[in-house]
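Trainee: Got a structure here, written out as structure tokens. Questions coming.
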Amino acid sequence: MTRARKRYADAWSAIVDLLVAHEVDTCFGLPGDDLELLRALDAHGLDLVPCRDQRNAMYMATGYALQSGRLAVCALGKGPAVTHAATGLLEARESGAPVLVLAAGAPERRRGSGGFQELDQIAVVAPLVRWAHRVGHPDRVVPATVTAMTRAVGPPSGPVYLEVPDDVRTAEVVVTGPRPTPPEPLAFAVAPVTPGPALAALRASRRPVVLVGGGMRHRNDGGAVEGFAERLGAALFTTASGRGAVDEHHPLFCGVAGFYAAAPFRELWSSCDLVVSLAGRLEETVAEGGSPWPRVPVVQVNLDPGGLSAEFAGPRVLGDARHAVLGWSRALDEDRGAALADPDARDAWSKRIAEARAAASREVEAELARAAALPEIRVAELLAALDATAGEHHVLVQENGLQDMWSYGFPFHAGGGSVVPSEQTPLGFGAAAAIGVKRAAPGHEVTAFIGDGAFLAARADIAVTAASHGGVLYVVLCNGGYGWLDAQRARLGLDAERHAFARRGAPPPVVDGPDLHHRVLRDKAALTEEILAARRFCSQGGTAVLMVPVAPDDVLPAVRDAEVVPQ
């Protein structure tokens with residue numbers, strides 16, 4: 001039998017052909033001198049979202065992957081291009097985003113000679129990715145690319161790095177035999193769970209909470225988590241990264257846990273008797289910030305062994321959290337045939353959840369009343385106006401600065417989802433990731449809620465990519481720099497002039513253009529109309545930037561309560 005042969009003029013042609021076969025339609029990046037990649041993309045009808053900064057390219061790809069659940073691709077040059085992208089790789093790893101990084105490399109025949117931009121790039125990126133590989137021969141281009149895509153998608157998912165040296169990149173690639181196909185996922189039926197410590201802990205609990213992590217993103221079809229919480233009678237919290245994985249309108253939803261939680265929810269959390277952590281990391285802002293972590297068993301479920309903490313007592317389950325909650329829900333349904341143990345205690349816990357939600361709502365109303373009495377626009381009423389004007393399908397993309405943290409605690413009901421940086425919280429992530437989110441969800445309104453420091457970090461790419469993505473609304477909180485650092489300076493009594501982390505004044509300049517709508521919002525009475533006008537501009541494919549000067553004391557109450565900023 002004669003085996004099929006296919007010839008590609010260069011490595012990029014072979015790689016792009018494989019990307020198309022794996023249903024990739026967009027690439028983000030700033031290629032080096034090897035523009036043959038652009039030629040290959042054009043030949044297959046794939047888009048390249050051009051970037052000015054490799055770090056922002058990685059953030060865009062990460063945003064695309066988190067929103068879509070599909071493979072994202074980022075193209076880089078070599079040497080400093082790779083080191084510049086390293087921060088984005090770190091964020092993609094911590095977020096579990098399936099991103100394939102395609103990088104150039106110094107030619108094999110020149111390795112060790114001190115050539116132009118020569119660097120041991122594998123050593124640089126290996127700690128930041130799930131798999132790093134340098135293709136050493138044209139015959140290895142196709143199998144290496146297939147392996148990289150497979151490892152990126154997982155499970156567990158995460159970024160991978162594929163380096164194509166210049167002499168391999170320009171060589172002809174000959175493929176003999178059929179093209180490798182993506183792995184076929186097996187569909188698992190919901191099976192009864194084996195009785196064990198985890199199920200026993202669930203059955204014994206009277207005051208449980210369910211904590212949803214970022215690994216449940218795109219794994220909660222049919223409201224499996226909400227159904228599990230209902231059967232268990234549990235308060236439903238998320239980590240910051242897990243926001244958007246569950247329905248924020250659900251009557252058991254109590255917001256983001258830990259550092260960002262409102263006082264009524266912190267009190268509720270501290271009195272629980274079991275924590276069920278689903279596909280998340282029990283990192284510092286959850287376990288140590290704001291809410292006293294109760295001395296109770298913690299049932300952890302994670303597909304990634306690295307996500308199972310050894311710091312907490314309780315059963316640890318290595319596996320798919322979706323399969324776990326479906327199996328446990330079935331077991332709890334079967335329990336209903338028997339008399340429930342201590343139904344009065346369970347009813348009392350349900351009542352406490354409802355009371356905490358009502359108390360939190362009253363706090364929001366009181367905050368909005370205080371804001372209305374002040375002359376300047378306050379962040380709480382800005383978020384309320386954004387919520388009131390949003391369409392049914394929208395995504396909130398966030399940063400993690402002092403004042404944009406309001407969006408972690410204020411009940412902004414993310415109809416289409418929420419994209420939040422991991423616990424690494426790199427500056428500028430949300431500003432650039434919003435572009436990737438919009439590419440992944442063109443039918444959704446996308447709002448980036450960010451600080452002026454983050455905006456400045458991504459400003460060039462926001463302007464350059466406006467025509468190729470369109471539709472992102474940037475709401476920029478302007479405190480003149482880095483509010484969190486300035487608050488820490490004030491807490492320590494350091495001189496503001498010598499250590500000027502923030503200077504109030506004019507908002508940062510915006511790059512003008514026909515695709516950009518720019519306003520500085522100071523008039524509280526015009527707030528809603530300005531937001532509606534910006535949304536209309538975005539709906540026509542433009543990018544809107546609303547600058548909102550904010551006062552230094554306009555801080556989320558949970559952050560003030562934690563006494564990490566001056567009162």
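If you're wondering about the labels, chains in the structure tokens are A, B, ... by order shown, residues count from 1 in each chain, ligands from 1 in order shown.
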Find the residues near Leu282 of chain A: any atom within 9 Å, counting only C-alpha atoms, skip ones fewer than 6 places away on the same chain, and give them as a list in words.

Mentor: Gly213, Thr239, Gly307, Leu308, Ser309 and Glu311 of chain A

Trainee: Name the residues in contact with Gln540 of chain A at a cut-off of 10 Å, using only C-alpha atoms, excluding same-chain residues fewer than 6 positions from it; report them as a list in words.

Mentor: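 So, after excluding close chain neighbours, the residues are Gly470, Gly471 and Asp515 of chain A.
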
Trainee: Next, the residues of the selection above should be written as an mmCIF file, in the first residue's frame with all heavy atoms.

Mentor:
```cif
data_model
loop_
_atom_site.group_PDB
_atom_site.id
_atom_site.type_symbol
_atom_site.label_atom_id
_atom_site.label_comp_id
_atom_site.auth_asym_id
_atom_site.auth_seq_id
_atom_site.Cartn_x
_atom_site.Cartn_y
_atom_site.Cartn_z
ATOM 1 N N GLY A 470 -12.983 45.231 18.080
ATOM 2 C CA GLY A 470 -14.169 46.070 18.198
ATOM 3 C C GLY A 470 -15.113 45.614 19.297
ATOM 4 O O GLY A 470 -15.246 44.434 19.574
ATOM 5 N N GLY A 471 -15.746 46.572 19.932
ATOM 6 C CA GLY A 471 -16.833 46.233 20.820
ATOM 7 C C GLY A 471 -16.497 46.159 22.287
ATOM 8 O O GLY A 471 -17.380 45.866 23.089
ATOM 9 N N ASP A 515 -12.095 54.493 15.433
ATOM 10 C CA ASP A 515 -12.644 53.309 16.085
ATOM 11 C C ASP A 515 -12.751 53.475 17.594
ATOM 12 O O ASP A 515 -13.114 52.532 18.293
ATOM 13 C CB ASP A 515 -11.775 52.078 15.781
ATOM 14 C CG ASP A 515 -11.678 51.814 14.287
ATOM 15 O OD1 ASP A 515 -12.748 51.719 13.651
ATOM 16 O OD2 ASP A 515 -10.558 51.716 13.776
#
```

Trainee: Pick out the residues sitting within 12 Å of Pro180 of chain A, and hand them over as a compact mmCIF listing (two decimals) with all heavy atoms, in the first residue's frame; count only C-alpha atoms, and ignore anything fewer than 6 positions along from it in its own chain.

Mentor:
```
# COMPACT_ATOMS: atom_id res chain seq x y z
N ASP A 17 -1.71 24.43 9.10
CA ASP A 17 -2.63 23.40 8.60
C ASP A 17 -3.19 22.57 9.76
O ASP A 17 -4.38 22.22 9.79
CB ASP A 17 -1.89 22.51 7.60
CG ASP A 17 -2.86 21.66 6.77
OD1 ASP A 17 -3.98 22.13 6.47
OD2 ASP A 17 -2.49 20.52 6.44
N LEU A 18 -2.34 22.24 10.72
CA LEU A 18 -2.79 21.49 11.89
C LEU A 18 -3.72 22.34 12.77
O LEU A 18 -4.70 21.82 13.33
CB LEU A 18 -1.60 21.03 12.71
CG LEU A 18 -0.76 19.91 12.08
CD1 LEU A 18 0.55 19.74 12.85
CD2 LEU A 18 -1.53 18.60 12.07
N LEU A 19 -3.42 23.62 12.90
CA LEU A 19 -4.30 24.49 13.68
C LEU A 19 -5.70 24.52 13.09
O LEU A 19 -6.70 24.45 13.82
CB LEU A 19 -3.73 25.91 13.73
CG LEU A 19 -2.40 26.10 14.45
CD1 LEU A 19 -1.98 27.57 14.41
CD2 LEU A 19 -2.47 25.62 15.90
N ALA A 21 -7.10 22.21 11.30
CA ALA A 21 -7.72 20.91 11.55
C ALA A 21 -8.25 20.79 12.98
O ALA A 21 -9.18 20.03 13.25
CB ALA A 21 -6.71 19.79 11.28
N HIS A 22 -7.65 21.55 13.89
CA HIS A 22 -8.09 21.54 15.28
C HIS A 22 -9.03 22.71 15.57
O HIS A 22 -9.25 23.08 16.73
CB HIS A 22 -6.88 21.61 16.22
CG HIS A 22 -6.16 20.30 16.35
ND1 HIS A 22 -5.45 19.75 15.31
CD2 HIS A 22 -6.05 19.42 17.39
CE1 HIS A 22 -4.91 18.60 15.71
NE2 HIS A 22 -5.27 18.38 16.95
N VAL A 142 5.39 18.18 12.73
CA VAL A 142 3.98 17.77 12.86
C VAL A 142 3.74 17.02 14.17
O VAL A 142 2.82 17.38 14.93
CB VAL A 142 3.54 16.96 11.63
CG1 VAL A 142 2.18 16.29 11.88
CG2 VAL A 142 3.44 17.88 10.41
N PRO A 143 4.49 15.97 14.49
CA PRO A 143 4.20 15.29 15.76
C PRO A 143 4.38 16.19 16.98
O PRO A 143 3.63 16.07 17.95
CB PRO A 143 5.18 14.10 15.77
CG PRO A 143 6.18 14.39 14.72
CD PRO A 143 5.53 15.25 13.72
N ALA A 144 5.36 17.09 16.94
CA ALA A 144 5.55 17.98 18.09
C ALA A 144 4.38 18.94 18.24
O ALA A 144 3.94 19.23 19.36
CB ALA A 144 6.85 18.76 17.92
N THR A 145 3.85 19.43 17.13
CA THR A 145 2.72 20.35 17.19
C THR A 145 1.47 19.64 17.72
O THR A 145 0.74 20.19 18.55
CB THR A 145 2.43 20.94 15.80
OG1 THR A 145 3.60 21.60 15.31
CG2 THR A 145 1.30 21.95 15.86
N VAL A 146 1.23 18.43 17.26
CA VAL A 146 0.07 17.66 17.75
C VAL A 146 0.21 17.40 19.24
O VAL A 146 -0.75 17.53 20.01
CB VAL A 146 -0.08 16.35 16.96
CG1 VAL A 146 -1.15 15.46 17.58
CG2 VAL A 146 -0.42 16.64 15.50
N THR A 147 1.39 17.03 19.67
CA THR A 147 1.62 16.80 21.10
C THR A 147 1.38 18.06 21.91
O THR A 147 0.75 18.04 22.99
CB THR A 147 3.05 16.29 21.33
OG1 THR A 147 3.24 15.06 20.63
CG2 THR A 147 3.32 16.07 22.81
N MET A 149 -0.57 20.68 21.20
CA MET A 149 -1.99 21.00 21.28
C MET A 149 -2.72 20.07 22.24
O MET A 149 -3.59 20.50 23.01
CB MET A 149 -2.61 20.95 19.88
CG MET A 149 -2.15 22.07 18.96
SD MET A 149 -3.07 22.18 17.41
CE MET A 149 -2.45 20.73 16.55
N THR A 150 -2.36 18.79 22.21
CA THR A 150 -3.00 17.82 23.09
C THR A 150 -2.72 18.16 24.55
O THR A 150 -3.62 18.11 25.40
CB THR A 150 -2.49 16.41 22.77
OG1 THR A 150 -2.76 16.11 21.39
CG2 THR A 150 -3.18 15.37 23.64
```

Trainee: Give me, as a tab-separated table (two decimals) with N, CA, C and O atoms, in the first residue's frame, all polymer residues having an atom no more than 9 Å from Gln121 of chain A, counting only C-alpha atoms and skipping those fewer than 4 positions away in the same chain.

Mentor:
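Contents of around-v9.tsv, freshly written:
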```tsv
chain	number	residue	atom	x	y	z
A	78	LYS	N	11.93	35.63	19.16
A	78	LYS	CA	12.85	34.89	20.02
A	78	LYS	C	13.59	35.83	20.96
A	78	LYS	O	13.44	37.05	20.89
A	79	GLY	N	14.36	35.25	21.88
A	79	GLY	CA	15.15	36.04	22.81
A	79	GLY	C	14.30	36.92	23.71
A	79	GLY	O	13.49	36.42	24.49
A	82	VAL	N	10.53	36.36	24.06
A	82	VAL	CA	10.08	35.29	24.94
A	82	VAL	C	10.12	35.73	26.40
A	82	VAL	O	9.18	35.48	27.17
A	83	THR	N	11.20	36.39	26.81
A	83	THR	CA	11.26	36.84	28.20
A	83	THR	C	10.18	37.88	28.49
A	83	THR	O	9.64	37.93	29.59
A	105	GLY	N	13.30	30.68	17.23
A	105	GLY	CA	14.49	30.32	18.00
A	105	GLY	C	15.73	30.44	17.14
A	105	GLY	O	15.67	30.36	15.90
A	125	VAL	N	11.22	29.24	29.98
A	125	VAL	CA	9.76	29.04	30.03
A	125	VAL	C	9.34	27.75	30.72
A	125	VAL	O	8.17	27.62	31.12
A	126	ALA	N	10.24	26.79	30.87
A	126	ALA	CA	9.84	25.48	31.39
A	126	ALA	C	9.09	25.55	32.72
A	126	ALA	O	8.09	24.83	32.91
A	134	ARG	N	11.61	22.19	21.96
A	134	ARG	CA	12.26	22.80	20.81
A	134	ARG	C	12.32	21.76	19.69
A	134	ARG	O	12.84	20.65	19.89
A	163	GLU	N	8.97	25.75	20.31
A	163	GLU	CA	9.98	26.60	19.69
A	163	GLU	C	10.41	26.00	18.36
A	163	GLU	O	10.77	24.82	18.28
```

Trainee: I need the residue nearest Leu427 of chain A from this list: A:Asp304, A:Asp452, A:Asp387, A:Asp167. Use only C-alpha atoms for the distance.

Mentor: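 Of A:Asp304, A:Asp452, A:Asp387, A:Asp167, the one nearest Leu427 of chain A is A:Asp452, counting only C-alpha atoms.
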
Trainee: State, in Å with one decimal place, the distance from atom CA of Ile462 of chain A to atom CA of Arg503 of chain A.

Mentor: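 Straight-line distance from atom CA of Ile462 of chain A to atom CA of Arg503 of chain A works out to 23.4 Å.
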
Trainee: Go through segment 159-279 of chain A and collect every residue that DSSP, computed from the backbone, puts in alpha helix (DSSP H); the answer should be as JSON, numbers by chain.

Mentor: {"A": [166, 167, 168, 169, 197, 198, 199, 200, 201, 202, 203, 204, 224, 225, 226, 227, 228, 229, 230, 231, 232, 263, 264, 265, 266, 267, 268, 269, 270]}

Trainee: Keeping C-alpha atoms for every residue in the selection just given, could you write it to a file as a PDB file, in the first residue's frame?

Mentor:
```pdb
ATOM      1  CA  ASP A 166      15.059  29.429  12.194  1.00  0.00           C
ATOM      2  CA  ASP A 167      16.671  26.678  10.117  1.00  0.00           C
ATOM      3  CA  VAL A 168      13.848  24.232  10.907  1.00  0.00           C
ATOM      4  CA  ARG A 169      11.276  26.947  10.253  1.00  0.00           C
ATOM      5  CA  PRO A 197     -14.855   9.730  53.575  1.00  0.00           C
ATOM      6  CA  ALA A 198     -15.947  12.474  51.168  1.00  0.00           C
ATOM      7  CA  LEU A 199     -19.543  11.269  50.827  1.00  0.00           C
ATOM      8  CA  ALA A 200     -19.703  10.580  54.569  1.00  0.00           C
ATOM      9  CA  ALA A 201     -18.607  14.174  55.268  1.00  0.00           C
ATOM     10  CA  LEU A 202     -21.308  15.511  52.957  1.00  0.00           C
ATOM     11  CA  ARG A 203     -23.998  13.430  54.619  1.00  0.00           C
ATOM     12  CA  ALA A 204     -22.905  14.459  58.116  1.00  0.00           C
ATOM     13  CA  ALA A 224     -24.553  20.864  37.980  1.00  0.00           C
ATOM     14  CA  VAL A 225     -22.889  22.853  40.767  1.00  0.00           C
ATOM     15  CA  GLU A 226     -26.031  24.798  41.656  1.00  0.00           C
ATOM     16  CA  GLY A 227     -28.017  21.546  41.721  1.00  0.00           C
ATOM     17  CA  PHE A 228     -25.444  19.998  44.034  1.00  0.00           C
ATOM     18  CA  ALA A 229     -25.582  23.010  46.379  1.00  0.00           C
ATOM     19  CA  GLU A 230     -29.373  22.750  46.484  1.00  0.00           C
ATOM     20  CA  ARG A 231     -29.291  19.054  47.353  1.00  0.00           C
ATOM     21  CA  LEU A 232     -26.643  19.655  50.003  1.00  0.00           C
ATOM     22  CA  ALA A 263     -19.374  41.147  56.362  1.00  0.00           C
ATOM     23  CA  PRO A 264     -22.627  39.087  56.461  1.00  0.00           C
ATOM     24  CA  PHE A 265     -21.027  36.439  54.271  1.00  0.00           C
ATOM     25  CA  ARG A 266     -17.835  36.382  56.333  1.00  0.00           C
ATOM     26  CA  GLU A 267     -19.943  35.691  59.415  1.00  0.00           C
ATOM     27  CA  LEU A 268     -21.811  32.940  57.575  1.00  0.00           C
ATOM     28  CA  TRP A 269     -18.555  31.386  56.393  1.00  0.00           C
ATOM     29  CA  SER A 270     -16.981  31.374  59.859  1.00  0.00           C
TER      30      SER A 270
END
```

Trainee: Looking at A:Arg243, A:Gly69, A:Val101, A:Pro165, which one is nearest to Leu119 of chain A, with distances taken over only C-alpha atoms?

Mentor: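 For Leu119 of chain A, the nearest of the candidates is A:Pro165.
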
Trainee: I'd like to know which residues of segment 383-415 of chain A are strand (DSSP E) (by DSSP, run on the backbone); could you write them as a list in words?

Mentor: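 In segment 383-415 of chain A, DSSP puts these residues in strand (DSSP E): His394, Val395, Leu396, Val397 and Gln398 of chain A.
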
Trainee: Point out the residue among A:Val256, A:Met216, A:Ala562, A:Ala432 with the least atom-to-atom distance to Leu303 of chain A, counting only C-alpha atoms.

Mentor: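 That would be A:Met216, the residue with the smallest distance to Leu303 of chain A.
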